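**Student:** Have a look at this one.
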Amino acid sequence: RFHKACKWEEPYFLDANTEGVTFVSNSTSPGIQMLHVREELPIPYKLVEINYKESFGTPTLGAFDIGDNSLLGAQLISEKQRWFIIVEKRQDFENLKQQIYFFQIFIKDSKEISEQSIFITLKNIFDNQPLISYKPSPCRAEVNYEKILTLERQLVRETF
């Protein structure tokens with residue numbers, strides 16, 4: 001039987017219809033699919049569908065250039081001859097190591113390898129109170145006790 005070259009169709013990734021996952025147009029970097037993902041999505045969720053319908057090559061999760069898959073939990077699954085990237089780890093914007101991921105997906109058949117990249121930017125949902133921190137810690141503020149005592153005495157005199 002004649003064996004065709006790896007047939008990964010454009011667009012390389014399709015919307016998996018997951019609320020909170022948004023495709024970002026990217027005309028400057030071909031081969032990179034940019035995504036905005038809202039933090040705290042219920043897990044597991046489908047990140048994208050891989051637009052590959054052939055049966056002789058298997059999509060594979062490649063290297064992470066930014067971020068760590070132990071924090072993302074990306075997996076590839078096949079459902080009814082459709083391939084998806086799913087996320088199995090809860091994402092929290094306040095964890096600095098979970099704010100950006102950049103990784104590759106490749107498909108290898110017997111003749112060639114095709115590779116595309118995913119760039120994820122996690123979006124904050126403002127689910128936590130603002131926190132201001134100062135480093136180096138501990139932070140010290142000089143207090144003028146004389147001024148405080150004077151104000152307290154004045155307040156007591158005005159009250160009585």
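Residues in the structure tokens are numbered from 1 in each chain, the chains being A, B, ... in the order shown, and ligands are numbered from 1 in the order shown.
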Which residues are close to segment 81-97 of chain A, i.e. within 10 Å by only C-alpha atoms, leaving aside same-chain residues fewer than 3 positions away? Reply as a PyMOL selection string.

**Tutor:** chain A and resi 13-16+37-55+58-61+66-78+100-101+105+121-128

**Student:** Using DSSP assignments from the backbone, pull out every residue in segment 28-123 of chain A that falls under strand (DSSP E) and give it to me as a ChimeraX atom specification.

**Tutor:** /A:32-38,45-50,58-66,74-79,82-87,100-108,113-123

**Student:** Counting only C-alpha atoms, which residue out of A:Thr28, A:Ile120, A:Glu115, A:Gln33 sits closest to Pro11 of chain A?

**Tutor:** A:Gln33

**Student:** Please report, as a list in words, each residue of segment 37-109 of chain A to which DSSP assigns alpha helix (DSSP H) when run on this structure's backbone.

**Tutor:**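 Answer for segment 37-109 of chain A restricted to alpha helix (DSSP H) is Asn69, Ser70, Leu71 and Leu72 of chain A.
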
**Student:** Would you save the residues from that selection as an mmCIF file, in the first residue's frame, using N, CA and C atoms?

**Tutor:**
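As a result, again-v6.cif now contains:
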```
data_model
loop_
_atom_site.group_PDB
_atom_site.id
_atom_site.type_symbol
_atom_site.label_atom_id
_atom_site.label_comp_id
_atom_site.auth_asym_id
_atom_site.auth_seq_id
_atom_site.Cartn_x
_atom_site.Cartn_y
_atom_site.Cartn_z
ATOM 1 N N ASN A 69 5.336 20.309 32.679
ATOM 2 C CA ASN A 69 4.122 19.515 32.557
ATOM 3 C C ASN A 69 3.689 18.896 33.884
ATOM 4 N N SER A 70 4.583 18.796 34.847
ATOM 5 C CA SER A 70 4.152 18.293 36.163
ATOM 6 C C SER A 70 3.182 19.282 36.817
ATOM 7 N N LEU A 71 3.191 20.547 36.383
ATOM 8 C CA LEU A 71 2.251 21.548 36.896
ATOM 9 C C LEU A 71 1.015 21.698 36.013
ATOM 10 N N LEU A 72 1.141 21.375 34.713
ATOM 11 C CA LEU A 72 0.005 21.492 33.791
ATOM 12 C C LEU A 72 -0.791 20.192 33.712
#
```
